[in-house]
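One file, coords.csv, carrying CSV, C-alpha atoms:
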chain,number,residue,atom,x,y,z
N,2,MET,CA,26.3,4.4,12.5
N,3,GLN,CA,23.7,6.9,13.8
N,4,PRO,CA,20.2,5.4,14.3
N,5,MET,CA,18.7,7.6,11.6
N,6,SER,CA,21.4,6.8,9.1
N,7,LEU,CA,20.9,3.1,9.9
N,8,LEU,CA,17.2,3.3,9.3
N,9,ILE,CA,17.7,5.0,6.0
N,10,VAL,CA,20.2,2.5,4.8
N,11,THR,CA,18.0,-0.5,5.8
N,12,CYS,CA,15.0,1.1,4.1
N,13,VAL,CA,17.1,1.6,0.9
N,14,LEU,CA,18.2,-2.1,1.1
N,15,PHE,CA,14.6,-3.3,1.5
N,16,VAL,CA,13.2,-1.1,-1.4
N,17,GLY,CA,16.2,-1.7,-3.6
N,18,SER,CA,16.3,-5.4,-3.3
N,19,HIS,CA,12.5,-5.6,-3.8
N,20,LEU,CA,12.6,-3.6,-7.0
N,21,VAL,CA,15.7,-5.2,-8.4
N,22,LEU,CA,14.4,-8.8,-7.8
N,23,SER,CA,10.9,-7.9,-9.0
N,24,HIS,CA,12.0,-6.4,-12.4
N,25,PRO,CA,15.5,-6.5,-13.9
N,26,LEU,CA,16.7,-9.7,-12.3
N,27,ARG,CA,13.4,-11.6,-12.1
N,28,ASP,CA,13.4,-13.3,-15.5
N,29,GLY,CA,17.1,-14.4,-15.4
N,30,LEU,CA,16.8,-15.8,-11.8
N,31,ALA,CA,13.5,-17.5,-12.5
N,32,GLY,CA,15.0,-19.1,-15.6
N,33,ARG,CA,18.0,-20.5,-13.6
N,34,LEU,CA,16.2,-21.4,-10.4
N,35,GLY,CA,12.7,-22.1,-11.6
N,36,GLU,CA,9.7,-20.2,-10.4
N,37,ARG,CA,9.6,-21.9,-7.0
N,38,GLY,CA,13.3,-21.4,-6.5
N,39,PHE,CA,13.0,-17.7,-7.4
N,40,GLN,CA,10.1,-17.3,-5.0
N,41,ILE,CA,12.1,-18.8,-2.2
N,42,VAL,CA,15.1,-16.5,-2.9
N,43,TYR,CA,12.8,-13.5,-3.2
N,44,SER,CA,11.0,-14.3,0.1
N,45,VAL,CA,14.3,-14.9,2.0
N,46,VAL,CA,15.7,-11.5,0.8
N,47,ALA,CA,12.5,-9.7,1.5
N,48,ILE,CA,12.2,-11.1,5.1
N,49,ALA,CA,15.8,-10.5,5.9
N,50,THR,CA,15.8,-6.9,4.7
N,51,LEU,CA,12.5,-6.3,6.5
N,52,ILE,CA,13.9,-7.6,9.7
N,53,LEU,CA,16.8,-5.1,9.3
N,54,VAL,CA,14.3,-2.3,8.9
N,55,VAL,CA,12.3,-3.4,11.9
N,56,GLN,CA,15.4,-3.6,14.1
N,57,ALA,CA,16.6,-0.2,12.9
N,58,TRP,CA,13.2,1.3,13.6
N,59,ARG,CA,13.1,-0.2,17.1
N,60,GLY,CA,16.5,1.3,17.8
N,61,MET,CA,15.4,4.8,17.0
N,62,PRO,CA,15.6,7.1,20.0
N,63,PRO,CA,12.5,9.3,21.0
N,64,GLU,CA,12.1,12.2,18.6
N,65,PRO,CA,10.2,15.4,19.0
N,66,PRO,CA,7.3,15.9,16.6
N,67,LEU,CA,7.9,18.4,13.7
N,68,TRP,CA,4.4,19.9,14.1
N,69,ILE,CA,1.5,19.9,16.5
N,70,VAL,CA,-1.0,17.0,16.1
N,71,ASP,CA,-4.5,18.1,17.1
N,72,ASP,CA,-8.0,16.5,16.8
N,73,PRO,CA,-8.8,17.8,13.3
N,74,LEU,CA,-5.5,16.2,12.0
N,75,TRP,CA,-6.3,13.0,13.8
N,76,ILE,CA,-9.8,12.9,12.2
N,77,LEU,CA,-8.4,13.5,8.7
N,78,ALA,CA,-5.7,10.8,9.2
N,79,SER,CA,-8.3,8.4,10.5
N,80,LEU,CA,-10.5,9.0,7.5
N,81,ILE,CA,-7.6,8.5,5.1
N,82,VAL,CA,-6.8,5.1,6.8
N,83,LEU,CA,-10.5,4.1,6.5
N,84,PHE,CA,-10.4,4.9,2.8
N,85,ALA,CA,-7.1,3.0,2.5
N,86,SER,CA,-8.7,0.0,4.2
N,87,ILE,CA,-11.6,0.0,1.8
N,88,LEU,CA,-9.2,0.2,-1.1
N,89,PHE,CA,-7.2,-2.8,0.2
N,90,ILE,CA,-10.2,-5.0,0.9
N,91,GLY,CA,-11.8,-4.2,-2.4
N,92,SER,CA,-8.5,-5.1,-4.2
N,93,LEU,CA,-8.7,-8.7,-3.0
N,94,ILE,CA,-11.5,-9.7,-5.4
N,95,GLY,CA,-11.5,-9.3,-9.2
N,96,ASN,CA,-8.1,-7.7,-9.4
N,97,PRO,CA,-6.2,-8.3,-12.7
N,98,ALA,CA,-3.0,-7.1,-11.0
N,99,LEU,CA,-2.9,-10.2,-8.8
N,100,PRO,CA,-1.2,-13.3,-10.0
N,101,ALA,CA,-4.4,-15.3,-10.6
N,102,PRO,CA,-5.3,-17.6,-13.5
N,103,HIS,CA,-8.4,-15.6,-14.3
N,104,ALA,CA,-6.6,-12.2,-14.5
N,105,ALA,CA,-7.4,-11.8,-18.2
N,106,ARG,CA,-11.1,-12.4,-17.4
N,107,ASP,CA,-11.0,-9.9,-14.6
N,108,ALA,CA,-9.3,-7.4,-16.9
N,109,ALA,CA,-12.2,-7.7,-19.4
N,110,ALA,CA,-14.8,-6.6,-16.9
N,111,ALA,CA,-16.0,-3.0,-16.6
N,112,PRO,CA,-14.1,-1.3,-13.8
N,113,ARG,CA,-16.4,-0.7,-10.8
N,114,GLY,CA,-15.9,0.2,-7.2
N,115,VAL,CA,-12.3,0.5,-6.1
N,116,PHE,CA,-11.0,-0.3,-9.6
N,117,ALA,CA,-12.9,2.6,-11.0
N,118,ILE,CA,-11.0,4.7,-8.5
N,119,THR,CA,-7.6,3.4,-9.4
N,120,ARG,CA,-6.3,0.2,-11.1
N,121,HIS,CA,-3.9,-0.2,-8.1
N,122,PRO,CA,-6.2,0.0,-5.1
N,123,MET,CA,-4.0,-2.2,-2.9
N,124,MET,CA,-0.8,-0.2,-3.5
N,125,TRP,CA,-2.6,3.1,-3.0
N,126,GLY,CA,-4.0,1.7,0.2
N,127,PHE,CA,-0.4,1.1,1.5
N,128,ALA,CA,0.7,4.6,0.3
N,129,LEU,CA,-2.2,6.4,2.0
N,130,TRP,CA,-1.7,4.4,5.2
N,131,ALA,CA,1.9,5.6,5.2
N,132,ILE,CA,0.9,9.2,4.6
N,133,ALA,CA,-1.7,9.1,7.4
N,134,HIS,CA,1.0,7.9,9.8
N,135,VAL,CA,3.3,10.8,9.0
N,136,MET,CA,0.4,13.2,9.6
N,137,VAL,CA,0.0,12.0,13.2
N,138,VAL,CA,3.5,10.9,14.0
N,139,PRO,CA,5.6,13.7,12.4
N,140,THR,CA,9.0,12.5,13.4
N,141,PRO,CA,12.0,12.1,11.1
N,142,GLY,CA,12.1,8.4,11.7
N,143,GLN,CA,8.4,7.9,10.9
N,144,ILE,CA,8.8,10.1,7.7
N,145,ALA,CA,11.7,7.9,6.5
N,146,LEU,CA,9.8,4.7,7.2
N,147,SER,CA,6.6,6.0,5.6
N,148,ALA,CA,8.4,7.3,2.6
N,149,MET,CA,9.9,3.8,2.1
N,150,ILE,CA,6.4,2.3,2.1
N,151,ALA,CA,4.8,4.9,-0.1
N,152,PHE,CA,7.7,4.9,-2.6
N,153,LEU,CA,7.7,1.1,-2.8
N,154,ALA,CA,3.9,1.0,-3.3
N,155,LEU,CA,3.7,3.6,-6.1
N,156,VAL,CA,7.0,2.8,-7.9
N,157,GLY,CA,6.1,-0.9,-7.7
N,158,SER,CA,2.7,-0.1,-9.2
N,159,ALA,CA,4.3,1.6,-12.2
N,160,GLY,CA,6.6,-1.4,-12.6
N,161,GLN,CA,3.6,-3.7,-12.3
N,162,ASP,CA,1.9,-1.8,-15.2
N,163,ALA,CA,4.9,-2.6,-17.5
N,164,LYS,CA,5.2,-6.2,-16.4
N,165,LYS,CA,1.5,-6.9,-16.7
N,166,ALA,CA,1.5,-5.3,-20.2
N,167,ARG,CA,4.3,-7.7,-21.2
N,168,LEU,CA,2.7,-10.8,-19.7
N,169,MET,CA,-1.0,-10.1,-20.5
N,170,GLY,CA,-0.7,-8.1,-23.7
N,171,GLU,CA,-3.9,-6.6,-24.9
N,172,ALA,CA,-5.9,-7.8,-21.9
N,173,TRP,CA,-3.9,-5.5,-19.6
N,174,ARG,CA,-3.6,-2.7,-22.1
N,175,GLY,CA,-7.3,-2.6,-22.4
N,176,TRP,CA,-7.7,-2.6,-18.7
N,177,ALA,CA,-5.2,0.2,-18.3
N,178,ALA,CA,-7.0,2.3,-20.9
N,179,ARG,CA,-10.3,2.0,-19.0
N,180,THR,CA,-8.7,2.7,-15.6
N,181,SER,CA,-6.4,5.3,-14.1
N,182,PHE,CA,-3.2,5.1,-12.1
N,183,MET,CA,-4.0,8.2,-10.0
N,184,PRO,CA,-7.2,7.8,-7.9
N,185,TYR,CA,-10.2,9.5,-9.4
N,186,ALA,CA,-8.2,10.8,-12.4
N,187,ARG,CA,-10.8,9.6,-15.0
N,188,GLN,CA,-13.7,11.0,-13.0
N,189,VAL,CA,-12.0,14.4,-12.7
N,190,ALA,CA,-11.2,14.4,-16.4
N,191,GLY,CA,-14.9,13.6,-17.2
N,192,ALA,CA,-13.9,10.2,-18.8
N,193,ALA,CA,-15.9,8.1,-16.3
N,194,PRO,CA,-18.9,8.7,-14.0
N,195,TRP,CA,-18.4,9.2,-10.3
N,196,SER,CA,-21.2,6.7,-9.6
N,197,ASP,CA,-18.8,3.9,-10.8
N,198,THR,CA,-16.5,4.6,-7.8
N,199,ILE,CA,-19.0,3.6,-5.1
N,200,PRO,CA,-17.3,0.7,-3.3
N,201,ARG,CA,-18.9,-2.7,-3.5
N,202,PRO,CA,-20.5,-4.0,-0.3
N,203,HIS,CA,-17.6,-6.4,0.5
N,204,ALA,CA,-15.1,-3.6,0.1
N,205,LEU,CA,-17.1,-1.1,2.1
N,206,PHE,CA,-18.0,-3.3,5.1
N,207,GLY,CA,-14.8,-5.3,5.0
N,208,GLY,CA,-12.8,-2.1,4.9
N,209,ILE,CA,-14.7,-0.7,7.9
N,210,LEU,CA,-14.2,-3.8,9.9
N,211,LEU,CA,-10.5,-3.9,9.0
N,212,TRP,CA,-10.2,-0.2,10.1
N,213,ILE,CA,-12.0,-0.8,13.4
N,214,ALA,CA,-9.9,-3.9,14.2
N,215,ALA,CA,-6.6,-2.4,13.1
N,216,THR,CA,-7.1,0.9,15.0
N,217,TRP,CA,-8.2,-1.0,18.1
N,218,ALA,CA,-5.1,-3.2,17.9
N,219,HIS,CA,-3.0,-0.1,17.6
N,220,GLY,CA,-3.8,0.9,21.2
N,221,ALA,CA,-4.2,-2.6,22.5
N,222,LEU,CA,-0.6,-3.5,21.5
N,223,GLY,CA,0.8,-0.4,23.4
N,224,TYR,CA,1.1,2.0,20.5
N,225,MET,CA,-0.8,5.3,20.1
N,226,VAL,CA,-4.5,5.1,20.4
N,227,ALA,CA,-5.9,5.6,16.9
N,228,GLY,CA,-9.2,5.9,15.0
N,229,ILE,CA,-12.5,6.1,16.8
N,230,TRP,CA,-10.8,4.7,19.9
N,231,ARG,CA,-9.4,8.1,20.6
N,232,TRP,CA,-12.9,9.4,21.4
N,233,VAL,CA,-14.7,6.2,22.5
N,234,GLY,CA,-14.3,4.5,25.9
Could you quickly redo this structure as structure tokens?
Amino acid sequence: MQPMSLLIVTCVLFVGSHLVLSHPLRDGLAGRLGERGFQIVYSVVAIATLILVVQAWRGMPPEPPLWIVDDPLWILASLIVLFASILFIGSLIGNPALPAPHAARDAAAAPRGVFAITRHPMMWGFALWAIAHVMVVPTPGQIALSAMIAFLALVGSAGQDAKKARLMGEAWRGWAARTSFMPYARQVAGAAPWSDTIPRPHALFGGILLWIAATWAHGALGYMVAGIWRWVG
């Protein structure tokens, strides 16, 4: 099998197994295996298929870029990754989408910070991270890998909406009515003030630190120098 075909097949296996186990097969398997048994099966399948993706990615030959990557594009991609990092860190506290015992309490709160931007800040963080990588590494292999990540994040978010509505009932439906799937959709529509979207301090400073550390590690581990490190040092 050609390297590109193998990468696409492994990406489809990873995404497909994740979505199938997360939604249509979840209740049946959890009923038979118990919640702990299901989590073990889910983790084993996820890790195994991810290893296949990584091995296929590492086997890709060098590819010429599809467009020229200049400094303005690098700056834009770096800012997108910074924003994605802020969304990710902000999503770790007070997120009703996470499997936490106080999810209903979190859903009753007024959406502020990253949750006023989108009710799925973690998943949009992953999707934006993938988009930024395509911008600066415009090769067919990178596009396939990033498409897998973005597709899984956004389709998974839509599936999470349905699952949470079933599990949490009115608590989630109320949260969904006060938030938006698309970033800033409520603000653009005039349904919520822009001031609500200002990130909380932990999200802002934690996101900046994550961005600095991750972009530094990018170069330190032998990959392309990214972020501010392209112009510092």
**Report entry** Pick from N:Leu146, N:Val138, N:Ala159, N:Leu8, whichever lies nearest to Met61 in chain N using all atoms listed in the file
**Finding:** N:Leu8
Query raised in the report: Taking all atoms listed in the file into account, which of N:Pro4, N:Ile81, N:Gly32, N:Leu93 comes nearest Pro63 in chain N?
Result: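 Ranked by minimum distance to Pro63 in chain N, first place goes to N:Pro4.
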Query raised in the report: Expressed in Å to a single decimal, how great is the separation between CA of Pro62 in chain N and CA of Tyr224 in chain N?
Result: 15.4 Å
Query - Minimum-distance residue to Ile118 in chain N, chosen among N:His134, N:Arg201, N:Arg33, N:Arg27 (using only C-alpha atoms) - result: N:Arg201
Requested in this report: Name all residues at most 10 Å from range 44-52 of chain N (count only C-alpha atoms; drop same-chain ones fewer than 3 positions away) and give them as number ranges by chain.
Outcome: N: 11-19, 22, 38-41, 55-58
